[in-house]
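Here's the structure we're looking at; comments come further down.
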Amino acid sequence: MTGPNGVPAGPLDALSERLGGIAYGGDYNPEQWPRDIWHEDVRLMRDAGVNLVTLGVFSWSRLEPRVGSYDWSLLDTVLDLLHDNGIAVDLATPTAAPPPWFSKAHPTSLPQNASGTRLTHGSRQAFCPSSPDYARAADAVVTALATRYAAHPAVAMWHVHNEWGNHNALCYCDTSGAAFRDWLRARYTTLDRVNDVWGTDFWGQRYGGWDEIDPPRDTTAFRNPGQELDYRRFSSDALLTRHRAESALLRDLAPGIPITTNLLGTLEKKVDGHAFARHSDIVSIDHYLVAADPGNHVDLALNADLARGMAGGRPWLLMEHSTSAVNWQPVNVPKAPGEMRRNSLTHLARGADGIMFFQWRQSRAGAEKWHSAMLPHGGTGTRTWAEVTALGAELTTLAEVCGTQVRADVALLFDWHTWWALELEARPSERLRYLDTVRDWYRALWDLGVTCDLVAPDADLTPYRAVVAPSLYLVSDADADSLHAYVRGGGHAVLGPFSGAVDAYDRVRTGGHPGAFRDLLGLVVDEYVPLREGESALLSDGGRALLWTERVESRGCTARLRFADGPDGGPARGGPAVTRHSYGAGAGWYAAAALPARSLRDLMDSVCREAGAAPVASVPPGVEAVRRSAGDRSYLFLVNHTDGEVTIPVDGLTRLDGSALPGCASVPAGDVVVLREQPVRERAVRHREEDR
């Protein structure tokens with residue numbers, strides 16, 4: 001089997017082929033309901049167009065009610081029932097919810113917080129990631145599960161765990177401490193090296209033996225930042241070790257079945273999503289809107305573009321989102337009519353080949369009984385059910401989009417290690433937050449209609465016309481060298497404030513800021529000048545920088561925006577606020593301030609224009625245009641987030657039913673329109689003829 005570009009198809013291509021198109025469904029928890037409900041569930045799933053469900057996520061206590069004693073009756077029945085009705089299964093390992101008997105038998109497996117309090121059973125993920133008792137029990141249930149169901153025809157994919165690290169990303173118990181010391185030995189080999197990278201001679205923290213190192217628990221003053229950063233890395237790696245262990249068992253016992261895990265909302269600080277994505281056959285994410293945020297549609301796009309970046313540009317799966325209200329925000333309002341469809345099709349536009357929900361049937365008990373579902377408490381007479389069935393039918397008509405890809409001209413560097421380091425204690429300003437900065441810069445690109453991939457700093461940058469690094473406070477030597485080489489080769493890179501300041505261990509790069517990028521940017525930062533609450537610095541374009549400014553001295557760069565005024569001690573009047581520096585065949589740009597929205601958008605526009613990174617289409621503000629293509633297939637998604645109908649000029653596009661458009665496409669308020677474009681070769685010939 002080959003994919004849409006003639007290259008070997010990936011696991012998601014094979015899954016889409018098996019399903020006959022876009023994956024559609026959600027988490028199914030039949031253990032919450034009497035058996036007589038199961039047949040009704042499957043009948044309604046077929047009515048809704050469901051072709052894939054995730055099964056068994058929280059079923060460990062059902063499957064193994066006593067240690068080593070398994071009860072497969074529920075899964076046997078439900079798997080057969082789903083298969084007989086043409087519904088495939090994403091079968092989960094149930095390891096995110098150890099049973100009560102396990103926690104009682106192994107009380108030291110429960111996680112401990114930084115203040116030394118041992119948490120108790122009573123929720124989910126109540127385990128220490130480094131616990132050997134947990135590892136043995138988890139491996140045993142995964143082995144038993146895979147052995148029994150490897151050959152079951154319903155099983156189309158394995159779902160490892162659930163939202164790794166959502167509730168137990170950091171454990172500070174003695175077991176974790178011992179595992180941390182092992183991790184340090186493997187990473188640094190010698191204790192002298194640990195002392196060096198952590199700078200332990202400051203405050204007399206130098207270690208003379210490995211057994212002296214503990215987790216960075218609560219202490220009298222600031223923790224050692226190098227130790228805390230490494231503990232974040234160790235903790236993410238401890239969970240990744242479990243992910244890899246479960247995956248290895250599944251690959252051995254059930255070869256040929258792809259493996260995924262639902263990465264937690266992507267914009268969560270808890271684990272390194274890039275690392276988990278590299279060890280998954282199919283990249284899957286969960287995404288939930290913050291209802292109170294009027295710009296939550298931009299955050300949705302950001303999450304989708306990060307999922308696509310983690311997938312290396314290939315299609316990915318939206319494993320969970322909500323049909324309507326969630327249950328964990330301060331006020332949980334329902335989605336407006338049409339919003340669920342618009343959310344779903346926006347994910348599809350940005351590369352998802354599956355639209356899944358939590359969950360199939362809304363629970364009647366438990367912590368998430370007020371979380372919406374595909375089949376609400378009110379049943380089939382509800383607005384939500386009508387929208388769910390309509391979406392299922394519509395996705396069937398969009399099956400031809402499967403396997404196509406979004407191709408971006410711009411890369412935005414997104415790095416969990418930088419995030420962890422920037423927000424440790426004792427920084428110049430706790431108001432300079434990583435995710436806030438990333439969102440601001442992404443919003444500027446979104447407003448311009450420029451598609452970007454969110455990728456790790458060690459990604460291959462050569463396919464991109466421009467690279468945007470909103471916050472690269474921490475950067476390794478190798479990643480800094482890669483960015484230099486990219487610009488020397490003709491690329492355009494734009495860096496945000498406080499970038500390049502420290503190395504991979506959170507040690508300040510000496511010789512002047514921004515240490516890693518002085519040559520690339522052609523400047524030196526004399527001093528960082530964070531702003532207090534209520535302070536601002538006037539810019540030469542009339543905008544005002546908030547949060548952060550820098551006093552910059554040129555070493556060859558040209559100022560593109562200047563400071564016009566500011567608080568005492570801040571940048572001098574006329575000092576550079578945005579700079580450009582020719583470097584090799586390309587250019588390095590720098591923002592020496594937390595720029596307001598208009599100034600930031602102007603900067604992104606200048607960089608993209610010079611780099612040749614163009615919007616997908618000319619659309620009014622508040623409208624997204626995203627293209628998916630492969631080979632001779634190309635589709636334009638138009639998403640209208642405004643309150644009014646918009647008309648967009650189009651040329652050579654048709655509706656998916658093949659009917660022609662009268663030179664323009666009308667997109668009603670809040671609607672999504674998907675159009676088929678001319679094959680790429682035909683568009684190229686037409687443009688050449690027009691040029692003549």
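Every chain in the structure tokens takes a letter, A first, then B, and so on in the order presented; its residues are numbered from 1, and the ligands are numbered from 1 following the presented order.
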
So that I can see what lies close to stretch 312-318 of chain A, please list as an MDAnalysis selection string the residues with an atom at most 8 Å from it, counting only C-alpha atoms and leaving out residues fewer than 4 positions away in the same chain. chainID A and resid 12 282:287 307:308 347 351:356 403:407 453

Please produce a file of those selected residues containing N, CA, C and O atoms, as a compact mmCIF listing (two decimals), in the first residue's frame.
# COMPACT_ATOMS: atom_id res chain seq x y z
N LEU A 12 -1.59 5.54 9.93
CA LEU A 12 -2.87 6.21 9.88
C LEU A 12 -3.53 6.08 8.51
O LEU A 12 -4.76 6.00 8.41
N ILE A 282 1.12 6.53 15.61
CA ILE A 282 0.15 7.55 15.20
C ILE A 282 0.11 8.60 16.31
O ILE A 282 -0.04 8.26 17.48
N VAL A 283 0.25 9.86 15.95
CA VAL A 283 0.18 10.94 16.94
C VAL A 283 -1.29 11.28 17.18
O VAL A 283 -2.04 11.54 16.24
N SER A 284 -1.67 11.26 18.45
CA SER A 284 -3.04 11.61 18.85
C SER A 284 -2.99 12.65 19.95
O SER A 284 -2.11 12.60 20.82
N ILE A 285 -3.94 13.58 19.94
CA ILE A 285 -4.02 14.58 21.00
C ILE A 285 -5.45 14.70 21.51
O ILE A 285 -6.40 14.32 20.84
N ASP A 286 -5.57 15.23 22.72
CA ASP A 286 -6.85 15.68 23.24
C ASP A 286 -6.84 17.20 23.20
O ASP A 286 -5.80 17.84 23.43
N HIS A 287 -8.00 17.79 22.93
CA HIS A 287 -8.07 19.25 22.95
C HIS A 287 -9.43 19.70 23.45
O HIS A 287 -10.47 19.27 22.95
N ALA A 307 0.16 19.45 16.95
CA ALA A 307 -0.04 18.02 16.70
C ALA A 307 0.56 17.63 15.36
O ALA A 307 1.25 16.60 15.24
N ARG A 308 0.32 18.45 14.34
CA ARG A 308 0.86 18.15 13.01
C ARG A 308 2.40 18.22 13.03
O ARG A 308 3.07 17.40 12.40
N HIS A 347 -10.04 21.21 13.06
CA HIS A 347 -9.02 20.18 13.29
C HIS A 347 -8.76 19.39 12.01
O HIS A 347 -7.60 19.10 11.66
N GLY A 351 -5.08 18.99 9.54
CA GLY A 351 -4.33 17.74 9.40
C GLY A 351 -4.88 16.53 10.09
O GLY A 351 -4.33 15.44 9.95
N ALA A 352 -5.95 16.66 10.88
CA ALA A 352 -6.51 15.49 11.56
C ALA A 352 -7.22 14.59 10.56
O ALA A 352 -7.96 15.07 9.71
N ASP A 353 -6.99 13.28 10.69
CA ASP A 353 -7.74 12.30 9.89
C ASP A 353 -8.70 11.51 10.77
O ASP A 353 -9.18 10.45 10.37
N GLY A 354 -8.95 12.03 11.98
CA GLY A 354 -9.90 11.40 12.88
C GLY A 354 -10.48 12.44 13.82
O GLY A 354 -9.75 13.31 14.31
N ILE A 355 -11.79 12.38 14.04
CA ILE A 355 -12.49 13.31 14.92
C ILE A 355 -13.19 12.47 15.99
O ILE A 355 -14.23 11.84 15.73
N MET A 356 -12.62 12.47 17.20
CA MET A 356 -13.12 11.62 18.28
C MET A 356 -13.50 12.50 19.48
O MET A 356 -13.03 13.63 19.61
N GLY A 403 -5.48 11.42 4.17
CA GLY A 403 -4.15 11.18 3.60
C GLY A 403 -3.49 12.40 3.03
O GLY A 403 -2.29 12.39 2.78
N THR A 404 -4.26 13.47 2.79
CA THR A 404 -3.63 14.70 2.33
C THR A 404 -2.96 15.40 3.50
O THR A 404 -3.23 15.09 4.66
N GLN A 405 -2.09 16.34 3.21
CA GLN A 405 -1.30 16.98 4.25
C GLN A 405 -1.34 18.49 4.13
O GLN A 405 -1.59 19.04 3.05
N VAL A 406 -1.11 19.14 5.26
CA VAL A 406 -0.95 20.59 5.30
C VAL A 406 0.54 20.90 5.16
O VAL A 406 1.37 20.34 5.89
N ARG A 407 0.88 21.76 4.22
CA ARG A 407 2.28 22.09 3.99
C ARG A 407 2.50 23.56 4.34
O ARG A 407 1.93 24.45 3.72
N ASP A 453 3.96 25.20 11.07
CA ASP A 453 4.12 23.97 11.84
C ASP A 453 4.81 24.31 13.15
O ASP A 453 5.81 25.04 13.15

Polymer residues at most 9 Å from A:Val298, only C-alpha atoms, same-chain spacing of 2 or more positions, as a PyMOL selection string: chain A and resi 295-296+300-303+439+442-443+446

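Counting only C-alpha atoms and comparing A:Asn162, A:Ala611, A:Val626, A:Gly496, the residue that lies closest to A:Val578 is A:Gly496.
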
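Taking only stretch 518-594 of chain A, the residues that DSSP calls alpha helix (DSSP H) from the backbone come to Arg518, Asp519, Leu520 and Leu521 of chain A.
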
Could you please take those selected residues and save C-alpha atoms as a PDB file, in the first residue's frame?
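And here is the file that came out, selection_12.pdb:
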ATOM      1  CA  ARG A 518      24.908  37.430  19.156  1.00  0.00           C
ATOM      2  CA  ASP A 519      26.522  36.780  15.785  1.00  0.00           C
ATOM      3  CA  LEU A 520      23.316  35.697  14.085  1.00  0.00           C
ATOM      4  CA  LEU A 521      21.437  38.803  15.243  1.00  0.00           C
TER       5      LEU A 521
END

Residues within 12 Å of A:Asn195, please, as a short mmCIF file (atom, residue, chain, number, x, y, z; two decimals) with N, CA, C and O atoms, in the first residue's frame. Count only C-alpha atoms; anything in the same chain fewer than 3 positions from it doesn't count.
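Writing the result to selection-v2.cif gives the following:
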data_model
loop_
_atom_site.label_atom_id
_atom_site.label_comp_id
_atom_site.auth_asym_id
_atom_site.auth_seq_id
_atom_site.Cartn_x
_atom_site.Cartn_y
_atom_site.Cartn_z
N LEU A 184 20.56 10.39 36.52
CA LEU A 184 21.70 11.32 36.50
C LEU A 184 23.00 10.60 36.14
O LEU A 184 23.82 11.11 35.38
N TYR A 188 25.07 11.88 33.03
CA TYR A 188 26.28 12.68 33.28
C TYR A 188 27.51 11.85 33.65
O TYR A 188 28.62 12.40 33.69
N THR A 189 27.34 10.60 33.95
CA THR A 189 28.42 9.66 34.27
C THR A 189 29.09 9.95 35.61
O THR A 189 29.19 9.07 36.46
N THR A 190 29.55 11.18 35.82
CA THR A 190 30.30 11.49 37.04
C THR A 190 29.57 12.53 37.88
O THR A 190 28.83 13.38 37.37
N LEU A 191 29.83 12.47 39.18
CA LEU A 191 29.25 13.44 40.09
C LEU A 191 29.84 14.83 39.85
O LEU A 191 29.16 15.85 40.04
N ASP A 192 31.10 14.88 39.45
CA ASP A 192 31.71 16.18 39.13
C ASP A 192 30.94 16.88 38.02
O ASP A 192 30.77 18.11 38.04
N TRP A 198 24.95 21.88 37.41
CA TRP A 198 24.01 22.47 38.35
C TRP A 198 24.57 23.70 39.07
O TRP A 198 23.82 24.39 39.76
N GLY A 199 25.87 23.95 38.92
CA GLY A 199 26.48 25.08 39.60
C GLY A 199 26.35 24.99 41.11
O GLY A 199 26.01 25.97 41.79
N THR A 200 26.65 23.81 41.66
CA THR A 200 26.37 23.57 43.08
C THR A 200 27.32 24.31 44.03
O THR A 200 27.07 24.32 45.24
N ASP A 201 28.37 24.91 43.49
CA ASP A 201 29.22 25.71 44.39
C ASP A 201 28.50 26.96 44.87
O ASP A 201 28.89 27.55 45.89
N PHE A 202 27.45 27.35 44.16
CA PHE A 202 26.63 28.46 44.67
C PHE A 202 25.81 27.95 45.85
O PHE A 202 25.19 26.90 45.78
N GLY A 204 26.79 26.66 48.47
CA GLY A 204 27.40 25.52 49.14
C GLY A 204 26.64 24.21 48.98
O GLY A 204 26.53 23.43 49.93
N GLN A 205 26.16 23.95 47.77
CA GLN A 205 25.35 22.74 47.55
C GLN A 205 26.15 21.58 46.96
O GLN A 205 25.56 20.57 46.57
N ARG A 206 27.45 21.69 46.88
CA ARG A 206 28.26 20.69 46.17
C ARG A 206 28.06 19.30 46.79
O ARG A 206 28.12 19.12 48.00
N TYR A 207 27.82 18.33 45.91
CA TYR A 207 27.56 16.95 46.35
C TYR A 207 28.84 16.14 46.34
O TYR A 207 29.63 16.19 45.39
N GLY A 208 29.02 15.35 47.42
CA GLY A 208 30.19 14.49 47.53
C GLY A 208 29.88 13.03 47.31
O GLY A 208 30.78 12.20 47.25
N GLY A 209 28.59 12.67 47.20
CA GLY A 209 28.18 11.29 46.96
C GLY A 209 26.82 11.28 46.30
O GLY A 209 25.98 12.15 46.53
N TRP A 210 26.60 10.26 45.47
CA TRP A 210 25.33 10.19 44.75
C TRP A 210 24.15 10.12 45.71
O TRP A 210 23.07 10.67 45.44
N GLU A 212 23.58 11.60 48.29
CA GLU A 212 23.23 12.89 48.88
C GLU A 212 22.18 13.64 48.05
O GLU A 212 21.59 14.62 48.54
N ILE A 213 21.95 13.19 46.83
CA ILE A 213 21.03 13.90 45.93
C ILE A 213 19.61 13.38 46.14
O ILE A 213 19.34 12.18 46.04
N ASN A 224 17.66 24.71 43.63
CA ASN A 224 18.69 24.81 42.59
C ASN A 224 18.00 24.68 41.23
O ASN A 224 17.37 23.65 40.94
N GLY A 226 19.11 24.24 38.14
CA GLY A 226 19.60 23.16 37.30
C GLY A 226 19.05 21.82 37.74
O GLY A 226 18.68 20.97 36.92
N GLN A 227 18.99 21.62 39.06
CA GLN A 227 18.43 20.38 39.59
C GLN A 227 16.94 20.28 39.28
O GLN A 227 16.43 19.22 38.88
N TYR A 505 21.59 23.50 30.16
CA TYR A 505 21.55 23.18 31.58
C TYR A 505 21.09 24.38 32.42
O TYR A 505 21.21 24.36 33.64
#

When you look at A:Asp133 with a cut-off of 12 Å (counting only C-alpha atoms), what residues show up, excluding the ones that are within fewer than 4 positions of it in the same chain? I need them as a list of chain:residue names.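 My list of contacting residues is A:Pro98, A:Phe102, A:Ser103, A:Lys104, A:Ala105, A:His106, A:Pro107, A:Thr108, A:Ser109, A:Leu110, A:Phe127, A:Cys128, A:Pro129, A:Ala137, A:Ala138, A:Asp139, A:Ala140, A:Thr175.
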
Give the answer as one residue: which of A:Trp33, A:Trp203, A:Phe517, A:Phe563 has the shortest atom-to-atom distance to A:Ala537, using only C-alpha atoms?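 Distance minimum relative to A:Ala537 lands on A:Phe563.
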
Got a sec: who's within 12 Å of A:Pro258, counting only C-alpha atoms, leaving out chain neighbours fewer than 5 positions off, as a PyMOL selection string? chain A and resi 10-15+89-91+150+155-160+247-248+250-252+279-284

Please report, as an NGL selection string, each residue of stretch 581-654 of chain A to which DSSP assigns strand (DSSP E) when run on this structure's backbone. :A and (581-583 or 586-591 or 623-630 or 633-640 or 646-649 or 654)

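Ranking A:Gly652, A:Gly256, A:Pro497, A:Pro615 by their shortest atom-to-atom distance to A:Arg433, with only C-alpha atoms included, puts A:Pro497 first.
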
Near-A:Pro334 list (9 Å; only C-alpha atoms; drop same-chain fewer than 6 positions) as a PyMOL selection string: chain A and resi 291+323-326+372

Put those residues in a file: all heavy atoms, as a short mmCIF file (atom, residue, chain, number, x, y, z; two decimals), in the first residue's frame.
data_model
loop_
_atom_site.label_atom_id
_atom_site.label_comp_id
_atom_site.auth_asym_id
_atom_site.auth_seq_id
_atom_site.Cartn_x
_atom_site.Cartn_y
_atom_site.Cartn_z
N ALA A 291 -13.78 27.90 27.50
CA ALA A 291 -15.01 28.55 27.03
C ALA A 291 -14.99 30.06 27.23
O ALA A 291 -15.57 30.81 26.44
CB ALA A 291 -16.21 27.94 27.75
N THR A 323 -18.31 17.50 22.77
CA THR A 323 -19.44 17.88 21.94
C THR A 323 -20.03 19.20 22.42
O THR A 323 -20.58 19.97 21.63
CB THR A 323 -20.54 16.81 21.97
OG1 THR A 323 -20.95 16.60 23.33
CG2 THR A 323 -20.04 15.50 21.37
N SER A 324 -19.92 19.46 23.73
CA SER A 324 -20.48 20.70 24.29
C SER A 324 -19.68 21.08 25.54
O SER A 324 -18.47 21.23 25.47
CB SER A 324 -21.97 20.53 24.57
OG SER A 324 -22.57 21.79 24.83
N ALA A 325 -20.33 21.20 26.69
CA ALA A 325 -19.65 21.67 27.90
C ALA A 325 -18.71 20.61 28.46
O ALA A 325 -18.91 19.41 28.28
CB ALA A 325 -20.69 22.05 28.96
N VAL A 326 -17.67 21.09 29.17
CA VAL A 326 -16.81 20.20 29.96
C VAL A 326 -17.25 20.31 31.42
O VAL A 326 -18.30 20.88 31.73
CB VAL A 326 -15.32 20.56 29.77
CG1 VAL A 326 -14.92 20.34 28.32
CG2 VAL A 326 -15.02 21.98 30.20
N SER A 372 -19.99 16.75 28.71
CA SER A 372 -20.84 16.39 27.58
C SER A 372 -20.34 15.13 26.88
O SER A 372 -19.20 14.70 27.07
CB SER A 372 -20.90 17.56 26.59
OG SER A 372 -19.60 17.83 26.07
#

Close residues, A:Ala480 itself excluded, 10 Å, only C-alpha atoms, min 2 positions apart in chain, as a list in words: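 Near neighbours after the sequence-gap exclusion: Pro457, Asp458, Leu472, Leu474, Val475, Ser476, Asp477, Ala478, Ser482, Leu483, His484, Ala485, Tyr486, Gly500, Asp503, Ala516, Phe517 and Leu520 of chain A.
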
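Using only C-alpha atoms for every distance, the candidate list A:Gly490, A:Pro662, A:Pro514, A:Gly379 yields A:Gly490 as the residue closest to A:Ala466.
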
For atom CA of A:Asp415 and atom CA of A:Ser554, the interatomic separation in Å (one decimal):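 Atom-to-atom, atom CA of A:Asp415 to atom CA of A:Ser554, that is 28.1 Å.
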
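Taking atom CA of A:Arg580 as the reference point, atom CA of A:Arg507 is found at 26.8 Å.
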
I'd like to know which of A:Val672, A:Leu445, A:Val53, A:Ala617 is closest to A:Gly338, using only C-alpha atoms. A:Val672

Among listed residues A:Arg66, A:Arg341, A:Arg223, A:Arg676, nearest A:Asp632 (using only C-alpha atoms):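 For A:Asp632, the nearest of the candidates is A:Arg676.
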
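You will find atom CA of A:Pro649 at 20.5 Å from atom CA of A:Thr346.
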